[in-house]
$ cat start37.cif   # mmCIF, C-alpha atoms and all ligand atoms
data_structure
loop_
_atom_site.label_atom_id
_atom_site.label_comp_id
_atom_site.auth_asym_id
_atom_site.auth_seq_id
_atom_site.Cartn_x
_atom_site.Cartn_y
_atom_site.Cartn_z
CA MET A 1 1.99 26.73 6.22
CA SER A 2 3.30 24.98 9.30
CA GLU A 3 5.12 21.69 9.22
CA ARG A 4 2.21 20.15 11.09
CA THR A 5 -0.24 20.56 8.25
CA ALA A 6 1.95 18.93 5.59
CA TRP A 7 -0.27 16.02 4.69
CA ASP A 8 0.29 13.23 2.18
CA LEU A 9 -3.31 12.88 1.02
CA LEU A 10 -6.72 14.45 1.54
CA VAL A 11 -9.86 12.37 0.95
CA VAL A 12 -12.44 15.06 0.24
CA GLY A 13 -16.08 15.67 -0.54
CA GLY A 14 -17.65 12.56 0.97
CA THR A 15 -19.92 12.09 3.94
CA VAL A 16 -17.38 11.12 6.59
CA TRP A 17 -18.44 8.93 9.48
CA THR A 18 -15.61 8.13 11.89
CA LEU A 19 -17.78 5.62 13.83
CA GLU A 20 -16.17 6.89 17.02
CA PRO A 21 -18.60 6.63 19.97
CA GLY A 22 -21.14 9.42 19.69
CA SER A 23 -20.10 10.38 16.18
CA GLY A 24 -22.46 10.90 13.25
CA PRO A 25 -22.07 11.29 9.50
CA VAL A 26 -20.56 14.65 8.45
CA PRO A 27 -21.53 15.76 4.90
CA ASN A 28 -18.79 17.20 2.67
CA GLY A 29 -16.12 16.06 5.09
CA ALA A 30 -12.47 15.30 4.57
CA VAL A 31 -9.87 12.95 6.01
CA ALA A 32 -6.26 14.14 6.05
CA ILE A 33 -3.57 11.48 6.03
CA ARG A 34 0.08 11.74 6.98
CA ASP A 35 2.57 8.87 7.29
CA GLY A 36 -0.23 6.34 6.95
CA ARG A 37 -2.20 7.81 9.83
CA ILE A 38 -5.29 9.95 10.11
CA ALA A 39 -3.96 13.44 10.82
CA ALA A 40 -7.27 15.30 10.80
CA VAL A 41 -10.97 14.88 10.10
CA GLY A 42 -13.06 17.95 9.31
CA PRO A 43 -15.03 19.93 6.75
CA SER A 44 -13.55 19.61 3.23
CA GLU A 45 -13.34 23.38 2.67
CA GLU A 46 -11.46 23.92 5.90
CA LEU A 47 -8.88 21.18 5.35
CA LEU A 48 -8.39 22.12 1.68
CA ASP A 49 -7.69 25.71 2.73
CA LEU A 50 -5.04 24.56 5.18
CA THR A 51 -3.01 22.67 2.57
CA PRO A 52 -3.95 23.64 -0.98
CA SER A 53 -1.07 21.63 -2.46
CA THR A 54 -1.85 18.25 -0.87
CA GLU A 55 -2.77 15.41 -3.24
CA VAL A 56 -6.53 14.96 -3.24
CA LEU A 57 -8.72 11.88 -3.61
CA ASP A 58 -12.25 12.80 -4.65
CA ALA A 59 -14.87 11.00 -2.57
CA SER A 60 -17.85 13.16 -3.49
CA GLY A 61 -21.05 11.18 -3.51
CA CYS A 62 -19.41 8.62 -1.22
CA LEU A 63 -19.86 7.57 2.34
CA VAL A 64 -16.37 7.45 3.91
CA LEU A 65 -16.13 4.76 6.59
CA PRO A 66 -13.50 2.73 8.43
CA GLY A 67 -12.39 -0.25 6.31
CA PHE A 68 -14.23 -3.52 6.88
CA VAL A 69 -12.62 -6.20 9.06
CA ASN A 70 -13.05 -9.91 8.29
CA THR A 71 -12.19 -11.94 11.40
CA HIS A 72 -12.25 -15.49 10.01
CA ALA A 73 -11.07 -16.89 6.69
CA HIS A 74 -8.97 -19.48 4.92
CA LEU A 75 -7.94 -17.30 2.01
CA ALA A 76 -6.19 -19.73 -0.31
CA MET A 77 -9.38 -21.78 -0.45
CA THR A 78 -10.50 -19.38 -3.18
CA LEU A 79 -8.94 -22.06 -5.40
CA LEU A 80 -11.56 -24.53 -4.15
CA ARG A 81 -14.50 -22.15 -4.53
CA GLY A 82 -17.52 -24.11 -5.74
CA LEU A 83 -15.61 -27.40 -5.95
CA ALA A 84 -18.12 -29.24 -3.78
CA ASP A 85 -21.39 -27.67 -2.69
CA ASP A 86 -24.65 -28.71 -1.09
CA LEU A 87 -23.11 -31.52 0.96
CA PRO A 88 -23.07 -32.34 4.69
CA LEU A 89 -20.05 -30.81 6.44
CA LYS A 90 -18.39 -34.16 7.20
CA THR A 91 -18.69 -35.42 3.59
CA TRP A 92 -17.70 -32.03 2.21
CA LEU A 93 -14.61 -31.85 4.40
CA GLU A 94 -13.44 -35.47 4.44
CA GLU A 95 -14.26 -36.56 0.90
CA HIS A 96 -13.71 -33.34 -1.04
CA ILE A 97 -11.87 -30.51 0.69
CA TRP A 98 -9.15 -32.35 2.63
CA PRO A 99 -8.19 -34.62 -0.32
CA ALA A 100 -8.03 -31.62 -2.67
CA GLU A 101 -5.91 -29.72 -0.15
CA ARG A 102 -3.51 -32.62 0.25
CA GLN A 103 -3.09 -32.91 -3.50
CA PHE A 104 -3.03 -29.30 -4.63
CA MET A 105 -2.14 -26.96 -1.79
CA ASN A 106 1.52 -26.07 -1.71
CA ARG A 107 3.59 -22.92 -1.29
CA GLU A 108 2.88 -21.76 -4.83
CA THR A 109 -0.88 -22.42 -4.88
CA VAL A 110 -1.34 -20.85 -1.44
CA ARG A 111 0.33 -17.70 -2.78
CA LEU A 112 -1.91 -17.65 -5.83
CA GLY A 113 -5.13 -18.40 -3.94
CA THR A 114 -4.30 -15.74 -1.37
CA ARG A 115 -3.59 -13.16 -4.07
CA LEU A 116 -7.00 -13.86 -5.60
CA ALA A 117 -8.54 -13.54 -2.12
CA ALA A 118 -6.78 -10.23 -1.47
CA ALA A 119 -8.12 -8.86 -4.77
CA GLU A 120 -11.65 -9.92 -3.86
CA LEU A 121 -11.45 -8.59 -0.31
CA LEU A 122 -10.06 -5.20 -1.28
CA LEU A 123 -12.67 -4.74 -4.01
CA ASN A 124 -15.29 -5.55 -1.36
CA GLY A 125 -13.99 -2.85 0.99
CA VAL A 126 -12.28 -5.26 3.39
CA THR A 127 -9.01 -3.72 4.59
CA THR A 128 -8.12 -6.27 7.29
CA THR A 129 -8.55 -10.01 7.24
CA ALA A 130 -7.68 -12.81 9.59
CA ASP A 131 -6.43 -16.06 8.07
CA MET A 132 -5.73 -19.54 9.38
CA TYR A 133 -4.26 -21.98 6.91
CA PHE A 134 -0.96 -23.54 5.85
CA PHE A 135 2.12 -21.73 4.49
CA ASP A 136 0.86 -18.63 6.27
CA ASP A 137 4.27 -16.98 5.97
CA GLU A 138 3.36 -16.80 2.29
CA VAL A 139 -0.13 -15.56 3.16
CA GLY A 140 1.42 -12.72 5.16
CA ASP A 141 3.84 -11.87 2.36
CA VAL A 142 1.11 -11.82 -0.30
CA LEU A 143 -1.23 -9.65 1.82
CA ALA A 144 1.62 -7.23 2.53
CA GLU A 145 2.48 -7.07 -1.19
CA ALA A 146 -1.19 -6.27 -1.89
CA GLY A 147 -1.00 -3.47 0.70
CA MET A 148 -3.58 -5.20 2.85
CA ARG A 149 -3.68 -5.76 6.61
CA GLY A 150 -3.72 -9.33 7.91
CA VAL A 151 -3.70 -11.38 11.09
CA VAL A 152 -2.18 -14.62 9.83
CA ALA A 153 -1.71 -17.97 11.52
CA GLU A 154 -0.27 -21.33 10.59
CA SER A 155 -2.78 -24.01 11.66
CA VAL A 156 -2.03 -26.75 14.15
CA ILE A 157 -4.05 -29.94 13.84
CA ASP A 158 -3.39 -33.48 15.13
CA PHE A 159 -2.84 -34.98 11.68
CA PRO A 160 -0.53 -34.13 8.77
CA THR A 161 -1.24 -30.92 6.84
CA PRO A 162 -0.21 -30.13 3.26
CA ARG A 163 2.88 -28.55 4.83
CA CYS A 164 3.84 -30.47 7.99
CA GLU A 165 3.81 -34.05 9.22
CA THR A 166 3.83 -33.42 12.97
CA VAL A 167 2.47 -30.91 15.48
CA ASP A 168 6.07 -30.15 16.54
CA GLU A 169 6.82 -29.07 12.97
CA MET A 170 3.62 -26.98 12.82
CA ILE A 171 4.52 -25.22 16.06
CA GLU A 172 8.00 -24.55 14.70
CA LYS A 173 6.38 -22.88 11.66
CA GLN A 174 4.21 -20.79 14.00
CA ARG A 175 7.32 -19.58 15.81
CA GLU A 176 9.06 -18.76 12.53
CA LEU A 177 5.98 -16.86 11.33
CA ALA A 178 5.83 -14.86 14.57
CA ALA A 179 9.48 -13.88 14.16
CA ARG A 180 9.03 -13.02 10.47
CA PHE A 181 6.21 -10.55 11.10
CA GLU A 182 7.22 -9.14 14.47
CA ASN A 183 6.46 -5.40 14.43
CA HIS A 184 5.38 -5.55 10.77
CA PRO A 185 3.29 -2.49 9.84
CA LEU A 186 0.53 -4.55 8.15
CA ILE A 187 0.84 -8.16 9.24
CA THR A 188 0.13 -9.44 12.75
CA PRO A 189 1.18 -13.03 13.48
CA ALA A 190 -1.22 -15.31 15.34
CA ILE A 191 -1.51 -18.90 16.60
CA ALA A 192 -4.25 -21.21 15.27
CA PRO A 193 -5.07 -24.55 16.85
CA HIS A 194 -7.75 -25.81 14.45
CA ALA A 195 -10.59 -26.81 16.84
CA PRO A 196 -11.24 -28.54 20.19
CA TYR A 197 -12.17 -31.78 18.37
CA THR A 198 -9.10 -31.92 16.07
CA VAL A 199 -6.38 -30.92 18.56
CA CYS A 200 -5.77 -32.91 21.76
CA ALA A 201 -5.79 -31.29 25.20
CA ALA A 202 -2.00 -31.35 25.54
CA ASN A 203 -1.51 -29.60 22.20
CA LEU A 204 -4.26 -27.08 22.96
CA VAL A 205 -2.42 -26.16 26.15
CA ARG A 206 0.88 -25.87 24.25
CA GLU A 207 -0.82 -23.50 21.82
CA ALA A 208 -2.32 -21.37 24.58
CA ASP A 209 1.08 -21.12 26.24
CA LEU A 210 2.71 -20.20 22.93
CA ALA A 211 0.16 -17.42 22.25
CA GLU A 212 0.89 -16.08 25.72
CA GLU A 213 4.66 -16.31 25.26
CA LEU A 214 4.58 -14.61 21.84
CA ASP A 215 1.82 -12.19 22.93
CA VAL A 216 -0.28 -12.82 19.81
CA PRO A 217 -3.94 -13.65 19.07
CA LEU A 218 -5.12 -17.28 19.27
CA HIS A 219 -7.53 -18.13 16.48
CA ILE A 220 -9.68 -21.29 16.75
CA HIS A 221 -12.92 -22.84 15.45
CA LEU A 222 -15.35 -23.28 18.35
CA SER A 223 -18.79 -24.86 18.72
CA GLU A 224 -19.46 -24.81 15.01
CA THR A 225 -21.75 -27.86 14.85
CA ARG A 226 -24.07 -29.80 17.10
CA TRP A 227 -21.92 -32.86 16.37
CA GLU A 228 -18.88 -31.12 17.91
CA VAL A 229 -20.79 -30.24 21.08
CA GLU A 230 -22.14 -33.78 21.48
CA LYS A 231 -18.68 -35.28 20.92
CA LEU A 232 -17.06 -33.07 23.57
CA LEU A 233 -19.92 -33.63 26.03
CA GLU A 234 -19.51 -37.37 25.57
CA GLU A 235 -15.72 -37.47 25.73
CA LYS A 236 -14.93 -34.65 28.17
CA GLY A 237 -18.23 -34.19 29.97
CA LYS A 238 -18.17 -30.51 29.02
CA SER A 239 -19.26 -28.21 26.26
CA PRO A 240 -16.45 -27.14 23.88
CA VAL A 241 -16.49 -23.65 25.46
CA ALA A 242 -16.29 -24.97 29.04
CA TYR A 243 -13.59 -27.47 27.99
CA LEU A 244 -11.38 -24.80 26.40
CA ALA A 245 -11.95 -22.46 29.34
CA GLU A 246 -10.80 -25.18 31.73
CA LEU A 247 -7.66 -25.79 29.64
CA GLY A 248 -6.84 -22.07 29.74
CA VAL A 249 -7.24 -21.63 25.98
CA LEU A 250 -9.86 -18.88 26.23
CA SER A 251 -8.81 -15.33 26.99
CA GLU A 252 -9.05 -11.79 25.64
CA ARG A 253 -6.58 -12.84 22.91
CA THR A 254 -8.88 -15.62 21.59
CA VAL A 255 -10.67 -15.25 18.24
CA ALA A 256 -13.36 -17.95 18.33
CA ALA A 257 -14.92 -18.64 14.95
CA HIS A 258 -18.60 -19.64 14.75
CA CYS A 259 -19.86 -20.20 18.35
CA VAL A 260 -23.12 -21.47 16.83
CA HIS A 261 -24.06 -23.99 19.51
CA VAL A 262 -23.41 -22.12 22.75
CA SER A 263 -25.55 -22.38 25.87
CA PRO A 264 -26.36 -19.45 28.19
CA GLU A 265 -23.57 -20.78 30.46
CA ASP A 266 -21.15 -20.81 27.52
CA ILE A 267 -22.11 -17.23 26.67
CA GLU A 268 -21.37 -16.20 30.24
CA ILE A 269 -17.90 -17.78 29.98
CA LEU A 270 -17.21 -16.03 26.64
CA ALA A 271 -18.21 -12.68 28.14
CA GLU A 272 -16.32 -13.16 31.38
CA LEU A 273 -13.08 -14.24 29.67
CA GLU A 274 -13.43 -11.46 27.05
CA VAL A 275 -13.25 -13.94 24.18
CA GLY A 276 -13.72 -12.44 20.71
CA VAL A 277 -16.31 -14.19 18.56
CA SER A 278 -16.28 -14.29 14.75
CA HIS A 279 -19.84 -14.71 13.50
CA ASN A 280 -19.88 -16.39 10.06
CA PRO A 281 -23.55 -16.42 9.07
CA VAL A 282 -23.20 -17.49 5.44
CA SER A 283 -20.85 -20.42 6.06
CA ASN A 284 -23.07 -21.57 8.94
CA LEU A 285 -26.15 -21.40 6.72
CA LYS A 286 -24.53 -23.09 3.73
CA LEU A 287 -23.23 -26.01 5.79
CA ALA A 288 -26.49 -26.05 7.76
CA SER A 289 -24.50 -25.74 10.98
CA GLY A 290 -27.14 -23.53 12.56
CA VAL A 291 -27.51 -19.91 13.62
CA ALA A 292 -25.26 -18.42 16.30
CA PRO A 293 -27.20 -16.65 19.09
CA VAL A 294 -25.63 -13.29 18.29
CA PRO A 295 -28.31 -11.09 19.93
CA ALA A 296 -27.88 -13.05 23.18
CA MET A 297 -24.09 -12.81 22.95
CA LEU A 298 -24.24 -9.06 22.39
CA ALA A 299 -26.70 -8.64 25.27
CA ALA A 300 -24.26 -10.51 27.52
CA GLY A 301 -21.41 -8.21 26.50
CA VAL A 302 -19.50 -10.69 24.32
CA LYS A 303 -17.16 -9.11 21.77
CA VAL A 304 -18.70 -10.08 18.41
CA SER A 305 -17.39 -9.49 14.89
CA LEU A 306 -18.09 -10.79 11.39
CA GLY A 307 -16.24 -13.31 9.25
CA THR A 308 -16.70 -14.88 5.85
CA ASP A 309 -14.97 -18.20 6.58
CA GLY A 310 -13.17 -19.80 3.63
CA PRO A 311 -14.49 -19.31 0.11
CA ALA A 312 -15.11 -23.05 -0.21
CA SER A 313 -18.01 -22.73 2.24
CA ASN A 314 -19.42 -19.28 1.43
CA ASN A 315 -18.49 -19.00 -1.63
CA THR A 316 -17.25 -15.42 -1.67
CA LEU A 317 -15.27 -13.08 0.55
CA ASP A 318 -17.95 -10.40 0.37
CA LEU A 319 -18.23 -9.24 3.98
CA LEU A 320 -20.78 -6.57 3.09
CA ARG A 321 -23.11 -9.22 1.66
CA ASP A 322 -22.57 -11.35 4.78
CA ALA A 323 -23.31 -8.33 7.01
CA GLN A 324 -26.61 -7.87 5.20
CA ILE A 325 -27.43 -11.54 5.73
CA ALA A 326 -26.51 -11.29 9.44
CA ALA A 327 -28.81 -8.30 9.86
CA LEU A 328 -31.72 -10.17 8.23
CA LEU A 329 -31.06 -13.64 9.60
CA HIS A 330 -31.33 -12.79 13.29
CA LYS A 331 -34.55 -10.86 12.75
CA GLY A 332 -35.98 -13.89 11.00
CA VAL A 333 -35.00 -16.48 13.59
CA THR A 334 -35.89 -14.39 16.65
CA GLY A 335 -39.09 -12.95 15.19
CA ASP A 336 -37.90 -9.57 16.40
CA PRO A 337 -37.21 -6.90 13.74
CA THR A 338 -35.38 -4.71 16.26
CA VAL A 339 -32.43 -7.10 16.82
CA LEU A 340 -29.10 -6.40 15.11
CA PRO A 341 -30.06 -2.95 13.80
CA ALA A 342 -27.96 -1.57 10.94
CA ARG A 343 -25.84 0.61 13.23
CA THR A 344 -24.87 -2.47 15.28
CA VAL A 345 -23.99 -4.48 12.18
CA LEU A 346 -21.83 -1.63 10.87
CA GLU A 347 -20.07 -1.62 14.24
CA LEU A 348 -19.48 -5.40 14.10
CA MET A 349 -17.82 -5.18 10.69
CA THR A 350 -15.48 -2.30 11.64
CA ALA A 351 -14.65 -1.45 15.26
CA GLY A 352 -15.99 -4.81 16.48
CA GLY A 353 -13.63 -6.69 14.17
CA ALA A 354 -10.70 -4.52 15.18
CA ARG A 355 -11.43 -5.21 18.86
CA VAL A 356 -11.69 -8.98 18.35
CA LEU A 357 -8.33 -9.02 16.54
CA GLY A 358 -6.67 -6.84 19.20
CA LEU A 359 -6.11 -4.03 16.70
CA ASP A 360 -8.57 -1.47 18.07
CA ASP A 361 -5.82 0.92 19.14
CA ARG A 362 -4.73 1.10 15.47
CA ILE A 363 -7.84 0.67 13.29
CA GLY A 364 -11.63 0.23 13.42
CA THR A 365 -12.67 3.89 13.51
CA LEU A 366 -11.45 7.02 11.74
CA ALA A 367 -10.15 8.66 14.92
CA GLU A 368 -7.23 11.03 14.53
CA GLY A 369 -3.98 9.19 15.20
CA LYS A 370 -5.27 5.82 14.03
CA GLU A 371 -3.93 4.21 10.87
CA ALA A 372 -5.76 5.30 7.73
CA ASP A 373 -7.74 2.21 6.69
CA LEU A 374 -10.90 3.42 5.03
CA VAL A 375 -13.49 2.65 2.40
CA CYS A 376 -15.41 5.11 0.21
CA LEU A 377 -18.79 3.65 -0.74
CA GLY A 378 -20.59 5.43 -3.54
CA ALA A 379 -22.98 3.76 -5.91
CA ASN A 380 -24.35 5.34 -9.07
CA GLY A 381 -27.31 3.03 -9.60
CA PRO A 382 -30.93 3.75 -8.77
CA ALA A 383 -30.57 2.25 -5.27
CA ALA A 384 -27.90 4.83 -4.39
CA VAL A 385 -30.54 7.37 -3.44
CA PRO A 386 -32.06 8.53 -1.22
CA VAL A 387 -29.85 8.17 1.89
CA TYR A 388 -31.76 9.08 5.05
CA ASP A 389 -29.70 6.90 7.36
CA PRO A 390 -26.18 6.00 6.20
CA ALA A 391 -25.97 2.90 8.44
CA SER A 392 -29.18 1.54 6.96
CA HIS A 393 -27.94 2.44 3.48
CA VAL A 394 -24.68 0.52 3.94
CA VAL A 395 -26.19 -2.57 5.50
CA TYR A 396 -29.45 -2.91 3.56
CA ALA A 397 -28.95 -1.12 0.23
CA SER A 398 -25.24 -1.18 -0.65
CA ARG A 399 -23.47 -3.79 -2.72
CA SER A 400 -19.77 -4.50 -3.03
CA SER A 401 -20.07 -2.82 -6.44
CA SER A 402 -20.60 0.39 -4.43
CA VAL A 403 -16.95 0.32 -3.31
CA ARG A 404 -15.15 3.19 -5.06
CA HIS A 405 -11.90 3.76 -3.16
CA VAL A 406 -10.12 1.73 -0.51
CA LEU A 407 -7.13 2.88 1.53
CA VAL A 408 -4.98 0.79 3.82
CA ARG A 409 -2.49 2.63 6.02
CA GLY A 410 -2.96 5.68 3.83
CA ARG A 411 -2.17 3.88 0.57
CA THR A 412 -4.85 3.85 -2.13
CA VAL A 413 -5.21 0.15 -2.94
CA VAL A 414 -8.51 0.52 -4.82
CA ARG A 415 -9.07 3.66 -6.88
CA ASP A 416 -12.34 4.21 -8.76
CA GLY A 417 -13.23 0.55 -8.32
CA ALA A 418 -9.92 -0.78 -9.67
CA LEU A 419 -7.07 -2.48 -7.83
CA THR A 420 -3.77 -0.60 -7.82
CA THR A 421 -1.60 -3.33 -6.30
CA ILE A 422 -2.76 -6.56 -7.99
CA ASP A 423 -2.93 -7.49 -11.69
CA LEU A 424 -6.30 -9.23 -11.55
CA ASP A 425 -6.22 -10.46 -15.17
CA GLU A 426 -2.94 -12.22 -14.55
CA VAL A 427 -4.18 -13.77 -11.30
CA ARG A 428 -7.41 -14.96 -12.93
CA ALA A 429 -5.52 -16.60 -15.80
CA LYS A 430 -3.22 -18.48 -13.41
CA VAL A 431 -6.15 -19.58 -11.24
CA GLN A 432 -7.95 -20.96 -14.31
CA GLU A 433 -4.88 -23.05 -15.17
CA ILE A 434 -4.82 -24.60 -11.69
CA ALA A 435 -8.58 -25.03 -11.62
CA HIS A 436 -8.35 -27.21 -14.74
CA ARG A 437 -5.96 -29.50 -12.86
CA ILE A 438 -8.10 -29.52 -9.69
CA ALA A 439 -11.24 -30.32 -11.68
CA GLY A 440 -9.31 -33.26 -13.15
ZN ZN A 501 -13.11 -21.77 9.21
#

$ encode --input "start37.cif" --output "structure tokens" --more "lines below"
Ligand SMILES: [Zn+2]
Amino acid sequence: MSERTAWDLLVVGGTVWTLEPGSGPVPNGAVAIRDGRIAAVGPSEELLDLTPSTEVLDASGCLVLPGFVNTHAHLAMTLLRGLADDLPLKTWLEEHIWPAERQFMNRETVRLGTRLAAAELLLNGVTTTADMYFFDDEVGDVLAEAGMRGVVAESVIDFPTPRCETVDEMIEKQRELAARFENHPLITPAIAPHAPYTVCAANLVREADLAEELDVPLHIHLSETRWEVEKLLEEKGKSPVAYLAELGVLSERTVAAHCVHVSPEDIEILAELEVGVSHNPVSNLKLASGVAPVPAMLAAGVKVSLGTDGPASNNTLDLLRDAQIAALLHKGVTGDPTVLPARTVLELMTAGGARVLGLDDRIGTLAEGKEADLVCLGANGPAAVPVYDPASHVVYASRSSSVRHVLVRGRTVVRDGALTTIDLDEVRAKVQEIAHRIAG
């Protein structure tokens, strides 16, 4: 046996779909992993013959896919899940969420809420998540401890946060975070000005310059509500998209969450500047923000991906469920059952997400040489069969309970439906203690 075929792990027996352009599902396939990367993809028999002594992970009965990528979240808000529902966004935010954050969010609770989020994400097949919140150095640490990939950003907003009093302080924390995670194997630092209506023009420009200087993604909420668009039109004479474009905030490094209320002109700008969009259908539905024109954005060549948003407005981090809703929602509102077909939705939640986060050279497909982030979906229930079209099966018939194994950078973080890196019982008990205090 040559040195070259010494692999660390072989995922065998599943139907492997790399999702590389032009690829299709390969029954009884295998993925060989070495040093956290995909070393080979091929027929199980062939790869097993090459290295009979390699450790094997049985994926028979599973569909083996790239791990799911969640491009917008506020992870520690798991602690506020279900605290205030069925309210208008402004009331929800100003009377419930912000006061609770001011009172209860600190270094310790952000760690706990993020650990709960990581457990939920991994069990749902999500291997990479973006986050924008406070104490994001802790968010990065917790995700790394859980063996999960993250693109984490301390938020900047023009009023005090649970962590910082001033924008100068917030920017200092962003710089510290960027230094802390520079060249980290799992964690990518990012910059996150909250939104065009909560950060003034001067601070938006500072943030854009900082993202450029540090060469990191810039994550922002954009055109989430009609109210936001009307406010910007009135105050700046421009749509939020046109306003940010003029300030130089929009570029190929931008991750723009929501983009619900965007005009055809806005869509042209997003496409031209190669802005990445995070479509958050469940949060937008729950807060009655509206429905983002995703089919039009895709037709214009905009980079689109999927996000859950925070668990206070969703109320889960189940990206697979949200993908199903995206696939159905756009058919319903356009009256066209051919929009957002399953294959497209699968692309949005894998390679599309990787592209929006600037990680497509490392993850998003199961190409040889990429890092080994993958999910093995294999349900045992009645709805597990038959499978004529794996993309349709994932998007329309699978549930997060179908997630059997999850690997991030070659490490098995979920095995047979159980977390290997997080003690969920312990996390749940601690969350219940805090929830008693939050509920008052
Ligand atoms: Zn958000």

$ residues_near_ligand --input "start37.cif" --ligand "ligand ZN 501 (chain A)" --cutoff "9 Å" --atoms "all atoms listed in the file" --output "PyMOL selection string"
chain A and resi 72-74+131-132+194+220-221+257-258+280+283+308-310+313

$ closest_residue --input "start37.cif" --among "A:Pro311, A:Pro162, A:Gly150, A:Gly358" --to "Arg253 (chain A)" --atoms "only C-alpha atoms"
A:Gly358

$ atom_distance --input "start37.cif" --atom1 "CA of Glu268 (chain A)" --atom2 "CA of Val229 (chain A)"
16.8 Å

$ axis_aligned_box --input "start37.cif" --around "region 361-369 of chain A" --padding-each-side "8 Å" --output "AutoDock Vina command-line options"
--center_x -8.3 --center_y 5.6 --center_z 15.4 --size_x 24.7 --size_y 26.8 --size_z 23.4

$ closest_residue --input "start37.cif" --among "A:Ser44, A:Gln103, A:Thr91, A:Asn314" --to "Ala439 (chain A)" --atoms "only C-alpha atoms"
A:Gln103

$ closest_residue --input "start37.cif" --among "A:Arg81, A:Lys231, A:His393, A:Arg362" --to "Cys62 (chain A)" --atoms "all atoms listed in the file"
A:His393

$ closest_residue --input "start37.cif" --among "A:Pro264, A:Pro193, A:Gly352, A:Pro185" --to "Lys303 (chain A)" --atoms "only C-alpha atoms"
A:Gly352

$ residues_near_point --input "start37.cif" --point "(-5.4, -30.4, 5.1)" --cutoff "10 Å" --atoms "all atoms listed in the file" --output "PyMOL selection string"
chain A and resi 93-94+97-103+105+133-134+155+157+159-164

$ residues_around --input "start37.cif" --residues "region 110-124 of chain A" --least-positions-apart "5" --cutoff "9 Å" --atoms "only C-alpha atoms" --output "PyMOL selection string"
chain A and resi 68+70+74-80+105+129+133-136+138-139+141-143+146+148+311+316-320+399-406+413-414+417-419+421-424+427-428+430-431

$ atom_distance --input "start37.cif" --atom1 "CA of Pro217 (chain A)" --atom2 "CA of Ala179 (chain A)"
14.3 Å

$ atom_distance --input "start37.cif" --atom1 "CA of Arg321 (chain A)" --atom2 "CA of Ala397 (chain A)"
10.1 Å
